[in-house]
file query.pdb (PDB, C-alpha atoms)
ATOM      1  CA  MET A   1       0.000   0.000   0.000
ATOM      2  CA  SER A   2       1.376   3.425  -0.890
ATOM      3  CA  GLU A   3       2.208   5.857   1.889
ATOM      4  CA  GLU A   4      -0.595   8.200   0.849
ATOM      5  CA  LYS A   5      -3.182   5.390   0.920
ATOM      6  CA  SER A   6      -1.817   4.298   4.286
ATOM      7  CA  LEU A   7      -2.216   7.822   5.682
ATOM      8  CA  LEU A   8      -5.777   7.998   4.389
ATOM      9  CA  LYS A   9      -6.532   4.581   5.892
ATOM     10  CA  ILE A  10      -5.191   5.710   9.289
ATOM     11  CA  THR A  11      -7.385   8.818   9.170
ATOM     12  CA  ALA A  12     -10.424   6.745   8.171
ATOM     13  CA  LEU A  13      -9.802   4.265  11.000
ATOM     14  CA  LEU A  14      -9.403   7.098  13.522
ATOM     15  CA  GLN A  15     -12.711   8.548  12.330
ATOM     16  CA  ASP A  16     -14.307   5.115  12.752
ATOM     17  CA  TRP A  17     -12.853   4.998  16.269
ATOM     18  CA  ASN A  18     -14.424   8.417  16.918
ATOM     19  CA  SER A  19     -17.751   6.962  15.753
ATOM     20  CA  GLY A  20     -17.523   4.237  18.376
ATOM     21  CA  LYS A  21     -16.546   1.349  16.117
ATOM     22  CA  GLU A  22     -14.462  -0.828  18.447
ATOM     23  CA  GLU A  23     -13.045  -2.923  15.608
ATOM     24  CA  ALA A  24     -11.334   0.183  14.219
ATOM     25  CA  LYS A  25      -8.761  -0.043  17.030
ATOM     26  CA  GLU A  26      -7.764  -3.542  15.961
ATOM     27  CA  HIS A  27      -7.609  -2.583  12.291
ATOM     28  CA  LEU A  28      -5.485   0.454  13.160
ATOM     29  CA  ILE A  29      -2.662  -1.549  14.760
ATOM     30  CA  PRO A  30      -0.954  -2.729  11.543
ATOM     31  CA  PHE A  31      -0.922   0.822  10.177
ATOM     32  CA  VAL A  32       0.538   2.563  13.238
ATOM     33  CA  TYR A  33       2.618  -0.172  14.835
ATOM     34  CA  GLU A  34       5.870   0.544  12.974
ATOM     35  CA  GLU A  35       5.717   4.281  13.710
ATOM     36  CA  LEU A  36       4.981   3.654  17.382
ATOM     37  CA  LYS A  37       7.844   1.176  17.453
ATOM     38  CA  ARG A  38      10.141   3.787  15.856
ATOM     39  CA  GLN A  39       9.184   6.261  18.584
ATOM     40  CA  ALA A  40       9.771   3.646  21.265
ATOM     41  CA  ARG A  41      13.138   2.639  19.779
ATOM     42  CA  ILE A  42      14.285   6.252  19.986
ATOM     43  CA  LEU A  43      13.338   6.326  23.647
ATOM     44  CA  MET A  44      14.836   2.953  24.426
ATOM     45  CA  SER A  45      17.973   3.140  22.278
ATOM     46  CA  LYS A  46      21.202   1.959  23.859
ATOM     47  CA  GLU A  47      19.400   0.101  26.626
ATOM     48  CA  ARG A  48      21.008  -3.107  27.792
ATOM     49  CA  LEU A  49      19.625  -6.249  26.166
ATOM     50  CA  ASN A  50      18.047  -7.608  29.351
ATOM     51  CA  HIS A  51      16.422  -4.296  30.265
ATOM     52  CA  THR A  52      13.037  -4.762  31.918
ATOM     53  CA  LEU A  53      11.336  -2.295  29.567
ATOM     54  CA  GLN A  54      11.864  -3.075  25.880
ATOM     55  CA  ALA A  55      10.652  -0.964  22.943
ATOM     56  CA  THR A  56       8.083  -3.606  21.998
ATOM     57  CA  ALA A  57       6.690  -3.682  25.537
ATOM     58  CA  LEU A  58       6.549   0.121  25.569
ATOM     59  CA  VAL A  59       4.565   0.098  22.297
ATOM     60  CA  HIS A  60       2.193  -2.581  23.547
ATOM     61  CA  GLU A  61       1.589  -0.810  26.843
ATOM     62  CA  ALA A  62       1.097   2.516  25.049
ATOM     63  CA  PHE A  63      -1.382   0.962  22.625
ATOM     64  CA  LEU A  64      -3.293  -0.667  25.469
ATOM     65  CA  LYS A  65      -3.555   2.725  27.140
ATOM     66  CA  LEU A  66      -4.546   4.329  23.825
ATOM     67  CA  SER A  67      -7.259   1.713  23.351
ATOM     68  CA  ALA A  68      -8.620   2.473  26.803
ATOM     69  CA  GLN A  69      -8.899   6.198  26.052
ATOM     70  CA  THR A  70     -12.425   7.517  25.756
ATOM     71  CA  GLY A  71     -13.727  10.848  24.631
ATOM     72  CA  ILE A  72     -10.787  11.690  22.368
ATOM     73  CA  ASP A  73     -11.846  13.236  19.075
ATOM     74  CA  TRP A  74      -9.006  11.952  16.899
ATOM     75  CA  GLN A  75      -8.185  14.695  14.406
ATOM     76  CA  ASN A  76      -5.550  12.930  12.310
ATOM     77  CA  ARG A  77      -2.571  10.600  12.542
ATOM     78  CA  SER A  78      -0.307  13.316  13.969
ATOM     79  CA  HIS A  79      -2.798  13.916  16.761
ATOM     80  CA  PHE A  80      -2.798  10.169  17.425
ATOM     81  CA  TYR A  81       1.016  10.041  17.554
ATOM     82  CA  GLY A  82       1.073  13.103  19.812
ATOM     83  CA  VAL A  83      -1.216  11.366  22.305
ATOM     84  CA  ALA A  84       0.942   8.243  21.994
ATOM     85  CA  SER A  85       3.992  10.381  22.863
ATOM     86  CA  ARG A  86       2.288  11.583  26.036
ATOM     87  CA  LEU A  87       1.398   8.029  27.024
ATOM     88  CA  MET A  88       4.943   6.764  26.381
ATOM     89  CA  ARG A  89       6.209   9.635  28.511
ATOM     90  CA  GLN A  90       3.913   8.562  31.326
ATOM     91  CA  ILE A  91       4.952   4.918  31.024
ATOM     92  CA  LEU A  92       8.640   5.877  31.212
ATOM     93  CA  ILE A  93       7.991   8.171  34.168
ATOM     94  CA  ASP A  94       6.122   5.410  35.969
ATOM     95  CA  HIS A  95       9.022   3.049  35.231
ATOM     96  CA  ALA A  96      11.523   5.624  36.540
ATOM     97  CA  ARG A  97       9.466   6.172  39.714
ATOM     98  CA  LEU A  98       9.334   2.437  40.301
ATOM     99  CA  HIS A  99      13.100   2.224  39.849
ATOM    100  CA  LEU A 100      13.679   5.104  42.276
ATOM    101  CA  THR A 101      11.534   3.515  44.949
ATOM    102  CA  GLU A 102      13.917   0.575  44.776
ATOM    103  CA  LYS A 103      17.001   2.783  44.994
ATOM    104  CA  ARG A 104      16.517   5.786  47.210
ATOM    105  CA  GLY A 105      19.300   8.271  47.308
ATOM    106  CA  ASN A 106      20.381  11.784  46.614
ATOM    107  CA  ARG A 107      21.907  11.572  43.185
ATOM    108  CA  PRO A 108      22.663  14.548  40.944
ATOM    109  CA  VAL A 109      20.541  15.145  37.859
ATOM    110  CA  TYR A 110      22.389  14.857  34.547
ATOM    111  CA  PHE A 111      20.307  15.513  31.514
ATOM    112  CA  SER A 112      20.469  16.478  27.875
ATOM    113  CA  LEU A 113      17.391  16.912  25.728
ATOM    114  CA  ASP A 114      19.443  15.797  22.751
ATOM    115  CA  ASP A 115      20.707  12.602  24.367
ATOM    116  CA  VAL A 116      18.170   9.926  25.173
ATOM    117  CA  GLN A 117      20.783   7.195  24.829
ATOM    118  CA  ILE A 118      21.241   6.716  28.578
ATOM    119  CA  PRO A 119      19.434   3.686  30.055
ATOM    120  CA  VAL A 120      16.176   4.562  31.834
ATOM    121  CA  GLU A 121      17.439   3.165  35.145
ATOM    122  CA  GLU A 122      20.499   5.424  35.018
ATOM    123  CA  ARG A 123      18.473   8.476  34.100
ATOM    124  CA  ALA A 124      15.422   7.891  36.302
ATOM    125  CA  ASP A 125      16.144  11.010  38.360
ATOM    126  CA  SER A 126      16.555  13.002  35.163
ATOM    127  CA  ILE A 127      13.321  11.743  33.598
ATOM    128  CA  LEU A 128      11.404  12.665  36.748
ATOM    129  CA  ALA A 129      13.110  16.069  36.880
ATOM    130  CA  LEU A 130      12.170  16.663  33.233
ATOM    131  CA  ASP A 131       8.589  15.602  33.914
ATOM    132  CA  GLU A 132       8.320  18.050  36.822
ATOM    133  CA  ALA A 133       9.883  20.829  34.733
ATOM    134  CA  LEU A 134       7.503  20.066  31.843
ATOM    135  CA  GLU A 135       4.553  20.351  34.204
ATOM    136  CA  ARG A 136       5.794  23.807  35.245
ATOM    137  CA  LEU A 137       6.408  24.809  31.612
ATOM    138  CA  GLU A 138       2.926  23.609  30.669
ATOM    139  CA  LYS A 139       1.386  26.061  33.151
ATOM    140  CA  PHE A 140       2.657  29.075  31.243
ATOM    141  CA  ASP A 141       3.355  27.734  27.748
ATOM    142  CA  GLU A 142       1.377  24.636  26.864
ATOM    143  CA  LYS A 143       2.544  24.669  23.243
ATOM    144  CA  GLN A 144       6.228  24.526  24.179
ATOM    145  CA  ALA A 145       5.558  21.715  26.649
ATOM    146  CA  LYS A 146       3.749  19.718  23.955
ATOM    147  CA  ILE A 147       6.605  20.272  21.512
ATOM    148  CA  VAL A 148       9.165  19.005  24.028
ATOM    149  CA  GLU A 149       6.977  16.032  24.871
ATOM    150  CA  MET A 150       6.382  15.083  21.236
ATOM    151  CA  ARG A 151      10.007  15.527  20.288
ATOM    152  CA  PHE A 152      11.681  14.003  23.330
ATOM    153  CA  PHE A 153       9.223  11.305  24.332
ATOM    154  CA  GLY A 154       7.651  10.685  20.923
ATOM    155  CA  GLY A 155      10.664  11.087  18.669
ATOM    156  CA  MET A 156       8.545  13.185  16.327
ATOM    157  CA  SER A 157      10.163  15.462  13.754
ATOM    158  CA  ASN A 158       9.469  19.188  13.533
ATOM    159  CA  SER A 159       7.224  18.613  10.501
ATOM    160  CA  GLU A 160       5.203  15.938  12.329
ATOM    161  CA  ILE A 161       4.839  18.197  15.363
ATOM    162  CA  ALA A 162       3.818  21.118  13.143
ATOM    163  CA  GLU A 163       1.133  18.994  11.507
ATOM    164  CA  SER A 164      -0.119  17.734  14.854
ATOM    165  CA  LEU A 165      -0.336  21.191  16.418
ATOM    166  CA  GLY A 166      -1.469  23.026  13.272
ATOM    167  CA  ILE A 167       1.473  25.433  13.273
ATOM    168  CA  SER A 168       4.388  26.047  10.923
ATOM    169  CA  GLU A 169       7.599  24.080  11.058
ATOM    170  CA  ARG A 170       9.525  27.328  11.695
ATOM    171  CA  THR A 171       7.314  28.042  14.703
ATOM    172  CA  VAL A 172       8.043  24.555  16.028
ATOM    173  CA  GLY A 173      11.777  25.230  15.632
ATOM    174  CA  ARG A 174      11.575  28.558  17.468
ATOM    175  CA  GLU A 175       9.402  27.163  20.248
ATOM    176  CA  TRP A 176      11.698  24.123  20.608
ATOM    177  CA  GLN A 177      14.746  26.377  21.014
ATOM    178  CA  ALA A 178      12.960  28.563  23.579
ATOM    179  CA  ALA A 179      11.692  25.524  25.502
ATOM    180  CA  ARG A 180      15.153  23.918  25.523
ATOM    181  CA  LEU A 181      16.682  27.099  26.934
ATOM    182  CA  TRP A 182      13.987  27.389  29.603
ATOM    183  CA  LEU A 183      14.331  23.721  30.549
ATOM    184  CA  TYR A 184      18.122  23.962  30.655
ATOM    185  CA  ARG A 185      17.899  26.837  33.108
ATOM    186  CA  GLU A 186      15.147  25.144  35.115
ATOM    187  CA  LEU A 187      16.933  21.796  35.358
ATOM    188  CA  ASN A 188      20.251  23.374  36.311
ATOM    189  CA  ARG A 189      18.666  25.339  39.186
ATOM    190  CA  GLN A 190      18.041  22.116  41.076
TER     191      GLN A 190
END
call {"tool": "encode", "arguments": {"input": "query.pdb", "output": "structure tokens"}}
result
Amino acid sequence: MSEEKSLLKITALLQDWNSGKEEAKEHLIPFVYEELKRQARILMSKERLNHTLQATALVHEAFLKLSAQTGIDWQNRSHFYGVASRLMRQILIDHARLHLTEKRGNRPVYFSLDDVQIPVEERADSILALDEALERLEKFDEKQAKIVEMRFFGGMSNSEIAESLGISERTVGREWQAARLWLYRELNRQ
């Protein structure tokens, strides 16, 4: 199936989902699975082989949570992937919190928005610090918080984010730079 037909099929299935057709969720899986897996691989890259949270498990858990969502008016595939990014963020944060409850301690926070290649267990403090900072950012600039979330947790490109949010790619770039600067300052204050 061509990419254009695939995109149209995804949109049609999301509209069916909006209409309450439960089978649309099952039919959607083959069309979105590879993209969700790509997003998860970005998040889980460089993890050790026996890591407790694998990219496939992250995708499956995210899709289960997506399937359980009610009341979402799916606009398009980018909107779907944006919501998936938020859910993957929450799954990783929950995983980090679980890891930290096992290892209490006062460890410094090391973090780079451009480097997600550190295993989740080693960056648990950082993921939680980012989550808290994103919640603060969201209070005064929701768009920037969504851009960071989609880019960092969803592995989405500027063009995908622009499509999802209905803004230009240049605006995404500017907002990303501003959000990175704000987060850098916020995370280094701790």
call {"tool": "resolve_selection", "arguments": {"input": "query.pdb", "expression": "the PyMOL selection byres ((chain A and resi 165) around 12)", "output": "PyMOL selection string"}}
result
chain A and resi 75-83+142-147+150+156+158-164+166-169+171-172
call {"tool": "resolve_selection", "arguments": {"input": "query.pdb", "expression": "the PyMOL selection byres ((chain A and resi 70) around 12)", "output": "NGL selection string"}}
result
:A and (17-20 or 22 or 65-69 or 71-74)
call {"tool": "write_last_selection", "arguments": {"input": "query.pdb", "atoms": "C-alpha atoms", "output": "mmCIF file, in the coordinates of the input"}}
result
data_model
loop_
_atom_site.group_PDB
_atom_site.id
_atom_site.type_symbol
_atom_site.label_atom_id
_atom_site.label_comp_id
_atom_site.auth_asym_id
_atom_site.auth_seq_id
_atom_site.Cartn_x
_atom_site.Cartn_y
_atom_site.Cartn_z
ATOM 1 C CA TRP A 17 -12.853 4.998 16.269
ATOM 2 C CA ASN A 18 -14.424 8.417 16.918
ATOM 3 C CA SER A 19 -17.751 6.962 15.753
ATOM 4 C CA GLY A 20 -17.523 4.237 18.376
ATOM 5 C CA GLU A 22 -14.462 -0.828 18.447
ATOM 6 C CA LYS A 65 -3.555 2.725 27.140
ATOM 7 C CA LEU A 66 -4.546 4.329 23.825
ATOM 8 C CA SER A 67 -7.259 1.713 23.351
ATOM 9 C CA ALA A 68 -8.620 2.473 26.803
ATOM 10 C CA GLN A 69 -8.899 6.198 26.052
ATOM 11 C CA GLY A 71 -13.727 10.848 24.631
ATOM 12 C CA ILE A 72 -10.787 11.690 22.368
ATOM 13 C CA ASP A 73 -11.846 13.236 19.075
ATOM 14 C CA TRP A 74 -9.006 11.952 16.899
#
call {"tool": "resolve_selection", "arguments": {"input": "query.pdb", "expression": "the PyMOL selection byres ((chain A and resi 181-183) around 9)", "output": "count of residues only"}}
result
15
call {"tool": "atom_distance", "arguments": {"input": "query.pdb", "atom1": "atom CA of A:Leu98", "atom2": "atom CA of A:Lys25"}}
result
29.6 Å
call {"tool": "atom_distance", "arguments": {"input": "query.pdb", "atom1": "atom CA of A:Met88", "atom2": "atom CA of A:Arg136"}}
result
19.2 Å
call {"tool": "closest_residue", "arguments": {"input": "query.pdb", "among": "A:Pro30, A:Phe153, A:Glu3, A:Glu138", "to": "A:Gln90", "atoms": "all atoms listed in the file"}}
result
A:Phe153
call {"tool": "atom_distance", "arguments": {"input": "query.pdb", "atom1": "atom CA of A:Lys5", "atom2": "atom CA of A:Phe31"}}
result
10.6 Å
call {"tool": "closest_residue", "arguments": {"input": "query.pdb", "among": "A:Lys9, A:Arg89, A:Arg41, A:Lys21", "to": "A:Phe152", "atoms": "only C-alpha atoms"}}
result
A:Arg89
call {"tool": "closest_residue", "arguments": {"input": "query.pdb", "among": "A:Ile93, A:Val32, A:Arg86, A:Gly154", "to": "A:Glu132", "atoms": "all atoms listed in the file"}}
result
A:Ile93
call {"tool": "closest_residue", "arguments": {"input": "query.pdb", "among": "A:Gly155, A:Val148, A:Ile42, A:Gln54", "to": "A:Arg174", "atoms": "only C-alpha atoms"}}
result
A:Val148
call {"tool": "closest_residue", "arguments": {"input": "query.pdb", "among": "A:Ala84, A:Ile127, A:Leu92, A:Leu13", "to": "A:Lys37", "atoms": "all atoms listed in the file"}}
result
A:Ala84
